[in-house]
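Note sheet for the following structure.
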Amino acid sequence: IIRAIPLRYGSHTIGVSGLEVEGRLRTNHDAVPADAWHPVEGRNLSDGDDTIELRIGSDRTTLHEGRQEYRITYLLSDIALTRGDGAQELYLDVNGTGWGTPFGRVTASVQVPRPLADRLNGDTACYAGPPGSTRTCRTETSGTDPVDLYSKAVHLRQFETMTIAVGFAPGTFATAYTPTDHVVAGAVWLAVPPALALLALLIVTV
């Protein structure tokens, strides 16, 4: 598996730190995966400053048939986005459009702590399909501290992604990037408040 984590959006550079890869795998020594997560091999293939391309897996490890789980954890910073109308936004292509295999199900959960939840403006959206798709997908909101924003898309085809957007009131983030054309389309990074640097957690099931 190769997971690409962009380090730039337009002319803006974002921060990525604390990268960790773990797995619950059916190895040739154990047909049933362990309950606990364990570190697995992940090698950075990136040659430039625009993307981290993380290669997960090894040709020295044999996996048994069945469910394999990988968990990628990293911290993102300085990536709030300001729209043309002044509102600010968290914007994410969850799985990205580079996969040549379909996805049966993609889910994402964004947890917003109480102080920041007061700044939510109610503009929450989920879309599924190729870049620019307007096909909506399921969203739910629950809790108060934190507020949990849950999204789910099913039956994604090759090179299709689930995109989520969460809006905040103008001025929520002191530092935010403003695209020159004021259009958000095909973004592949997670916008979170710099001060909070929310933890990005991805679980990939093969």
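Order determines the names: the first chain of the structure tokens is A, the second B, and so forth; residues in each chain are numbered 1 upward, and ligands are numbered 1 upward as they are shown.
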Extract, using only C-alpha atoms, all DNA, RNA and protein residues at most 8 Å from A:Tyr150, discarding same-chain residues fewer than 2 positions from it, and format them as JSON, numbers by chain. {"A": [107, 108, 109, 110, 139, 140, 141, 148, 152]}
Restricting it to N, CA and C atoms, dump the selection as a short mmCIF file (atom, residue, chain, number, x, y, z; two decimals), in the first residue's frame.
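Contents of the output file selection_34.cif:
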```cif
data_model
loop_
_atom_site.label_atom_id
_atom_site.label_comp_id
_atom_site.auth_asym_id
_atom_site.auth_seq_id
_atom_site.Cartn_x
_atom_site.Cartn_y
_atom_site.Cartn_z
N THR A 107 -15.11 5.60 5.75
CA THR A 107 -15.71 6.40 6.82
C THR A 107 -14.68 7.40 7.35
N ALA A 108 -15.19 8.48 7.92
CA ALA A 108 -14.33 9.48 8.55
C ALA A 108 -15.07 10.06 9.75
N SER A 109 -14.34 10.30 10.83
CA SER A 109 -14.91 10.92 12.03
C SER A 109 -14.04 12.09 12.43
N VAL A 110 -14.63 13.27 12.53
CA VAL A 110 -13.92 14.48 12.94
C VAL A 110 -14.45 14.89 14.31
N THR A 139 -24.01 11.80 6.51
CA THR A 139 -23.33 12.53 7.58
C THR A 139 -24.18 12.49 8.84
N GLU A 140 -23.52 12.44 9.98
CA GLU A 140 -24.20 12.47 11.28
C GLU A 140 -23.41 13.34 12.24
N THR A 141 -24.13 13.98 13.16
CA THR A 141 -23.49 14.80 14.20
C THR A 141 -23.99 14.33 15.56
N ASP A 148 -18.88 15.16 17.50
CA ASP A 148 -18.38 14.15 16.58
C ASP A 148 -19.14 14.26 15.26
N LYS A 152 -19.90 8.75 5.94
CA LYS A 152 -19.73 7.41 5.39
C LYS A 152 -20.13 7.40 3.92
#
```
Go through stretch 59-147 of chain A and flag each residue having an atom no more than 12 Å from stretch 8-12 of chain A; for those, report the closest pair of atoms plus their distance in Å to one decimal, using only C-alpha atoms, ordered by chain and rising number, as CSV.
```
residue,atom,partner,partner_atom,distance
A:Leu76,CA,A:Arg8,CA,11.7
A:Ser77,CA,A:Arg8,CA,11.7
A:Asp78,CA,A:His12,CA,9.3
A:Ile79,CA,A:His12,CA,8.3
A:Ala80,CA,A:His12,CA,10.5
A:Leu81,CA,A:Tyr9,CA,9.8
A:Tyr91,CA,A:Tyr9,CA,11.3
A:Leu92,CA,A:Tyr9,CA,11.6
```
Applying 12 Å and only C-alpha atoms, which residues near A:Arg60 remain after dropping the ones on its own chain fewer than 2 positions away? List them as a PyMOL selection string. chain A and resi 27-28+40-41+57-58+62-63
Residue selection dump (C-alpha atoms) as a PDB file, in the first residue's frame:
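Contents of part.pdb, as written:
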```
ATOM      1  CA  THR A  27       1.136 -13.339   9.310  1.00  0.00           C
ATOM      2  CA  ASN A  28       2.591 -16.681   8.352  1.00  0.00           C
ATOM      3  CA  VAL A  40       4.774  -2.463  10.867  1.00  0.00           C
ATOM      4  CA  GLU A  41       7.250  -1.502   8.197  1.00  0.00           C
ATOM      5  CA  GLY A  57       4.277  -3.576   3.809  1.00  0.00           C
ATOM      6  CA  SER A  58       7.246  -5.797   3.024  1.00  0.00           C
ATOM      7  CA  THR A  62       3.695 -13.396   4.059  1.00  0.00           C
ATOM      8  CA  LEU A  63       0.088 -12.648   5.004  1.00  0.00           C
TER       9      LEU A  63
END
```
Across A:Gly171, A:Gly66, A:Gly129, A:Pro115, the smallest distance to A:Leu25, with only C-alpha atoms counted, is shown by A:Gly66
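Proximity ranking of A:Thr73, A:Thr178, A:Thr51, A:Asn121 relative to A:Glu22 places A:Thr73 first, based on only C-alpha atoms.
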As a ChimeraX atom specification, please: every residue in stretch 27-189 of chain A that a backbone DSSP assignment puts in alpha helix (DSSP H). /A:114-117
Output C-alpha atoms for every residue in the selection just made, as a tab-separated table (two decimals), in the first residue's frame.
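Dumped to again17.tsv:
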```tsv
chain	number	residue	atom	x	y	z
A	114	ARG	CA	-16.08	22.20	22.92
A	115	PRO	CA	-14.23	25.57	22.65
A	116	LEU	CA	-13.90	25.15	18.89
A	117	ALA	CA	-17.37	23.62	18.47
```
Quick check for you: according to DSSP on this backbone, which residues of stretch 33-116 of chain A are classed as strand (DSSP E)? Reply as a PyMOL selection string. chain A and resi 38-39+42-44+51-56+69-77+81-82+88-93+103-112
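Taking atom CA of A:Pro102 and atom CA of A:Asn44 as the two end points, the separation is 24.3 Å.
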Any idea what the distance is between atom CA of A:Gly96 and atom CA of A:Thr134? 15.7 Å
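Going from atom CA of A:Gly143 to atom CA of A:Phe168 covers 17.5 Å.
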Identify which of the residues A:Ser133, A:Thr13, A:Thr101, A:Gln68 lies closest to A:Asp49, counting only C-alpha atoms when measuring atom-to-atom distances. A:Thr13
Can you tell me, as a JSON list (two decimals) with N, CA, C and O atoms, in the first residue's frame, what residues are no more than 8 Å from A:Val154 when counting only C-alpha atoms, ignoring any on the same chain fewer than 2 positions away?
```
[["chain", "number", "residue", "atom", "x", "y", "z"],
["A", 103, "PHE", "N", -13.44, 0.79, -3.34],
["A", 103, "PHE", "CA", -13.61, 0.74, -1.89],
["A", 103, "PHE", "C", -15.05, 0.36, -1.58],
["A", 103, "PHE", "O", -15.98, 1.00, -2.06],
["A", 104, "GLY", "N", -15.24, -0.68, -0.79],
["A", 104, "GLY", "CA", -16.59, -1.04, -0.39],
["A", 104, "GLY", "C", -17.19, -0.05, 0.59],
["A", 104, "GLY", "O", -18.38, 0.23, 0.56],
["A", 105, "ARG", "N", -16.33, 0.52, 1.46],
["A", 105, "ARG", "CA", -16.82, 1.47, 2.45],
["A", 105, "ARG", "C", -15.68, 2.38, 2.88],
["A", 105, "ARG", "O", -14.57, 1.93, 3.10],
["A", 106, "VAL", "N", -15.96, 3.67, 2.99],
["A", 106, "VAL", "CA", -15.00, 4.65, 3.52],
["A", 106, "VAL", "C", -15.72, 5.47, 4.58],
["A", 106, "VAL", "O", -16.83, 5.97, 4.34],
["A", 152, "LYS", "N", -19.90, 8.75, 5.94],
["A", 152, "LYS", "CA", -19.73, 7.41, 5.39],
["A", 152, "LYS", "C", -20.13, 7.40, 3.92],
["A", 152, "LYS", "O", -21.15, 7.95, 3.53],
["A", 156, "LEU", "N", -17.48, 2.95, -3.62],
["A", 156, "LEU", "CA", -16.66, 3.86, -4.41],
["A", 156, "LEU", "C", -15.91, 3.07, -5.47],
["A", 156, "LEU", "O", -15.31, 2.03, -5.19]]
```
